[in-house]
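K.L.:
Below is the structure I would like to discuss, written out as structure tokens.
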Amino acid sequence: MTREEIIEKGQVVYKKPTLLNDTPMHYCPGCSHGVVHKLVSEVIEEMGMTDKTIAISPVGCAVFAYKYIDVDWQEAAHGRAPALASATKRLWPDRLVFTYQGDGDLACIGTAETIHALNRAENITIIFINNAIYGMTGGQMAPTTLLGMKTATCPYGREVSLHGYPLKITELAASLDGTCYVTRQSVHTVAAINRAKRAIRKAFEYSMQGKGSNLVEIVSTCNSGWKMSPEKANKWMEENMFDFYHLGDLKDKGAEK
Amino acid sequence: MKGNEAIAHAAIRCGCDGYFGYPITPQSEVLETLAAEKPWETTGMVVLQAESEVSSINMVYGGACTGKKVMTSSSSPGVSLMQEGISYMAGAELPALIVNVMRGGPGLGTIQPSQSDYFQACKGGGHGDYHLIVLAPASVQEMADFVDLAFTLAFRYRNPAMILADGAIGQMMEKVVLPPFKPRRTEEEIIKECPWATTGRVGMRQPNIITSLELRSEEMEIINNRIQAKYRKIEETEVRYEEFMLDDAEYAIVAFGSAARIAKKSIEVARAQGIKVGLLRPITLWPFPTKEVCKLAGQVKGILSLEINAGQMVEDIRLAVEGRIPVQHFGRLGGIIPDPDEVVDALKRLF
């Protein structure tokens, strides 16, 4: 029996988006990146924007995002993706331009580029993976690391007197006049995945409608960096991250009449 | 008009698609002129004031990825901030134009003219083995003319190019014949001329990926070797220089940019005193006119490197001369421009 015969018409309930190619991902098992990659691919495909998308990858775990999603990619220097995206969108206004960045890249070294691109109301979308740690370099403290959380560079736990406070950059983004849609999502359950996908779709649509800049934060797990099993990481995220990083839309100017 | 203004007008006229910059003395007139000219209403050129030089060079990086003609301008401290982005663009082999209207350093230094970024422009500046194509204008006319030339060379070799001017050339007012208008390339032309560019997968072609990253050492060495081969070709093909009164010269001054202007006056003064001296003016600082300087060493008794710095190009001259004749340096620092009489005195004193 061939695959086609097994998968009869009308019986397909799930398939991998065509844009997500077969290159084996370097992400750790249990990491949220794979799910978000899939959602981004699905949304681009469903919007019919495959031939009109220019994506910008960061420095961090998602540096190789360009290997997995079959659109045009620019690989930025650490933190600078929003600057590349700003120029790209202004030079090719009818293209879908988005960046895909982690918390170290976006909320630390690239804070200036992030805030100013958002506040210039560049018609771009920033997909922001917040796992509260530097994953690629081996689990160091990020600006988003929670108080008390242990990492390689705060091995006794993050302390205000030593390290200051975790940065809620998404709240900061929502306060900017230039942002249109600012939301915080997660991908740890099927329902959350569906909500995150709708958020990405909305952000991409707003950026194509010229409504300003859009930020979709995905509160994510880094089970390797957190030194937990994927299952335990999901639970830890629910119990600790969501208390500080509240899920939901922070701003939706596009929906206002 | 001023040299800085000439850069702005030439950019609009050569079909530049985007300028991204940040104000810094003594080159702010480039951005100011562009803002006043409003080219987005005429040619469609994008003009954007960034939040920093770090951002403006990365806007240039993003813009260059898309195959568009993009540029930035700044002055020494700002160009220091841009080095990361410049290295990435050299690594990703992207055409773009960076204008450095030099001022004196180190640090915040002075806002007065200097040529003390020769090393930074010609020897890397950022990390990694790379070169920029570096053009040194010596007049407002060349400020205007070199914009199109720099873009042509940048696209020919898929390599960032730099116009290395200084505060004197940037601020100086001279008559200038502006280049004729060239239309910006159409989307179809860009896609045809830059099949590597991130334009979106037009016609559902394979994805284009612009990156300077390759973790496999054996692959990264191949990439480096390919880039080095390109540099050798540029060295063979693109050297540009001017000769002035060298035919009967017993001594030569080698100088670029505004120092070359001073050198010409100094040569007049020296010749009136019976000293037969001429000028070799490198127009491309990289590739450096090594062969021409080497040839000069067979003709003259000594070479004076006149630079508005503590002696940077003099190293390239000495490498070219290979010890056959004395090579000396004269320069002033801190934003002081040497005067022709002291250059003549230096010639007499040093040789």
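Numbering starts fresh at 1 for the residues of each chain in the structure tokens, the chains themselves are lettered A, B, ... in the order given, and ligands are numbered from 1 as they appear.
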With 7 Å as the limit and counting only C-alpha atoms, what residues in chain A lie close to chain B? Please list them as a PyMOL selection string.
P.N.:
chain A and resi 50-54+66+70-75+80+83-88+91+113+116
K.L.:
Quick one: pick out all strand (DSSP E or B) residues within range 49-181 of chain B from a backbone DSSP run and write them as a count of residues only.
P.N.:
26
K.L.:
Name the residues in contact with Asn4 in chain B at a cut-off of 8 Å, using only C-alpha atoms, excluding same-chain residues fewer than 3 positions from it; report them as a list in words.
P.N.:
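So, after excluding close chain neighbours, the residues are Ile7, Ala8, Gln27, Ser28, Glu29, Val30, Met143, Ile169, Gly170 and Gln171 of chain B.
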K.L.:
Residues of range 117-271 of chain B in helix (DSSP H, G or I) according to DSSP, as a PyMOL selection string?
P.N.:
chain B and resi 118-122+140-157+167-171+187-193+202-204+217-237+257-271
K.L.:
For the selection you just gave me, I'd like the residues written to a file as a short mmCIF file (atom, residue, chain, number, x, y, z; two decimals), in the first residue's frame, keeping C-alpha atoms.
P.N.:
```
data_model
loop_
_atom_site.label_atom_id
_atom_site.label_comp_id
_atom_site.auth_asym_id
_atom_site.auth_seq_id
_atom_site.Cartn_x
_atom_site.Cartn_y
_atom_site.Cartn_z
CA TYR B 118 43.71 55.19 6.69
CA PHE B 119 44.57 52.05 8.64
CA GLN B 120 40.95 51.47 9.60
CA ALA B 121 39.73 51.89 6.01
CA CYS B 122 42.49 49.98 4.22
CA VAL B 140 34.42 68.49 -4.47
CA GLN B 141 34.19 67.32 -8.09
CA GLU B 142 35.63 63.95 -7.10
CA MET B 143 33.22 63.75 -4.15
CA ALA B 144 30.44 63.92 -6.75
CA ASP B 145 32.12 61.64 -9.31
CA PHE B 146 33.20 58.91 -6.91
CA VAL B 147 29.68 58.10 -5.69
CA ASP B 148 28.75 56.46 -8.99
CA LEU B 149 32.24 54.99 -9.38
CA ALA B 150 32.07 53.45 -5.89
CA PHE B 151 28.68 51.87 -6.61
CA THR B 152 29.92 50.55 -9.96
CA LEU B 153 32.95 48.92 -8.33
CA ALA B 154 30.88 47.65 -5.38
CA PHE B 155 28.40 45.90 -7.66
CA ARG B 156 31.10 44.66 -10.04
CA TYR B 157 32.82 42.79 -7.24
CA GLY B 167 36.63 67.28 6.94
CA ALA B 168 38.41 69.67 4.57
CA ILE B 169 37.02 68.07 1.39
CA GLY B 170 33.61 67.64 3.04
CA GLN B 171 33.31 71.27 4.12
CA GLU B 187 12.46 45.61 -9.86
CA GLU B 188 12.98 43.45 -12.97
CA GLU B 189 16.47 44.89 -13.53
CA ILE B 190 17.48 44.27 -9.92
CA ILE B 191 16.21 40.69 -10.01
CA LYS B 192 18.08 40.08 -13.27
CA GLU B 193 21.33 41.80 -12.22
CA VAL B 202 10.09 35.72 -7.27
CA GLY B 203 8.86 33.07 -9.73
CA MET B 204 9.16 30.56 -6.88
CA SER B 217 35.98 25.17 8.94
CA GLU B 218 36.74 23.42 5.66
CA GLU B 219 33.81 25.26 4.01
CA MET B 220 34.76 28.57 5.65
CA GLU B 221 38.28 28.26 4.26
CA ILE B 222 36.88 27.78 0.77
CA ILE B 223 34.75 30.92 1.20
CA ASN B 224 37.77 32.88 2.46
CA ASN B 225 39.89 31.70 -0.45
CA ARG B 226 37.21 32.75 -2.90
CA ILE B 227 37.03 36.22 -1.31
CA GLN B 228 40.84 36.51 -1.35
CA ALA B 229 40.91 35.58 -5.06
CA LYS B 230 38.43 38.39 -5.66
CA TYR B 231 40.74 40.82 -3.79
CA ARG B 232 43.71 39.76 -5.95
CA LYS B 233 41.64 40.47 -9.05
CA ILE B 234 40.68 43.91 -7.71
CA GLU B 235 44.37 44.62 -6.99
CA GLU B 236 45.25 43.71 -10.58
CA THR B 237 42.44 45.64 -12.24
CA GLY B 257 42.87 63.55 -0.57
CA SER B 258 43.34 67.06 0.78
CA ALA B 259 47.01 66.33 1.56
CA ALA B 260 47.51 65.90 -2.21
CA ARG B 261 46.11 69.40 -2.73
CA ILE B 262 48.65 70.75 -0.26
CA ALA B 263 51.35 68.67 -1.95
CA LYS B 264 50.68 70.34 -5.31
CA LYS B 265 51.15 73.79 -3.82
CA SER B 266 54.26 72.58 -1.96
CA ILE B 267 55.70 71.27 -5.24
CA GLU B 268 55.22 74.71 -6.81
CA VAL B 269 57.05 76.35 -3.88
CA ALA B 270 59.85 73.73 -3.91
CA ARG B 271 60.38 73.95 -7.66
#
```
K.L.:
Just the residues within 9 Å of Arg195 in chain A, please, counting only C-alpha atoms, with nothing from its chain fewer than 6 positions along; format it as a PDB file with C-alpha atoms, in the first residue's frame.
P.N.:
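Written out: out.pdb:
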```
ATOM      1  CA  GLN A 185       1.701  33.976  23.413  1.00  0.00           C
ATOM      2  CA  SER A 186       3.011  30.492  24.159  1.00  0.00           C
ATOM      3  CA  VAL A 187       3.121  27.166  22.322  1.00  0.00           C
TER       4      VAL A 187
END
```
K.L.:
Write out as JSON, numbers by chain which residues come within 12 Å of Asn130 in chain A when counting only C-alpha atoms, dropping same-chain ones fewer than 4 positions away.
P.N.:
{"A": [31, 32, 33, 36, 60, 61, 62, 100, 101, 102, 103, 104, 105, 106, 107, 108, 134, 135, 142, 143, 144, 145, 146, 166, 167, 168, 169, 170, 184, 185, 186, 187, 216, 217, 218, 219, 220, 221, 222, 237, 241, 242, 245]}
K.L.:
Taking 6 positions as the minimum chain separation for residues in the same chain, which residues sit within 12 Å of Glu46 in chain A when counting only C-alpha atoms? Answer as a CSV table (one decimal) with C-alpha atoms, in the first residue's frame.
P.N.:
```csv
chain,number,residue,atom,x,y,z
A,17,PRO,CA,3.8,22.9,5.8
A,18,THR,CA,5.6,22.7,2.4
A,19,LEU,CA,7.8,25.7,3.4
A,39,LEU,CA,3.5,28.2,12.6
A,40,VAL,CA,5.4,30.9,10.7
A,197,LYS,CA,-0.8,31.0,15.0
A,198,ARG,CA,-3.7,33.4,14.9
A,200,ILE,CA,1.3,35.6,13.9
A,201,ARG,CA,-1.3,35.8,11.1
A,204,PHE,CA,1.7,39.6,9.3
A,205,GLU,CA,-1.6,41.0,8.0
```
K.L.:
What is the distance, in Å and to one decimal place, between CA of Lys67 in chain A and CA of Thr23 in chain A?
P.N.:
7.0 Å
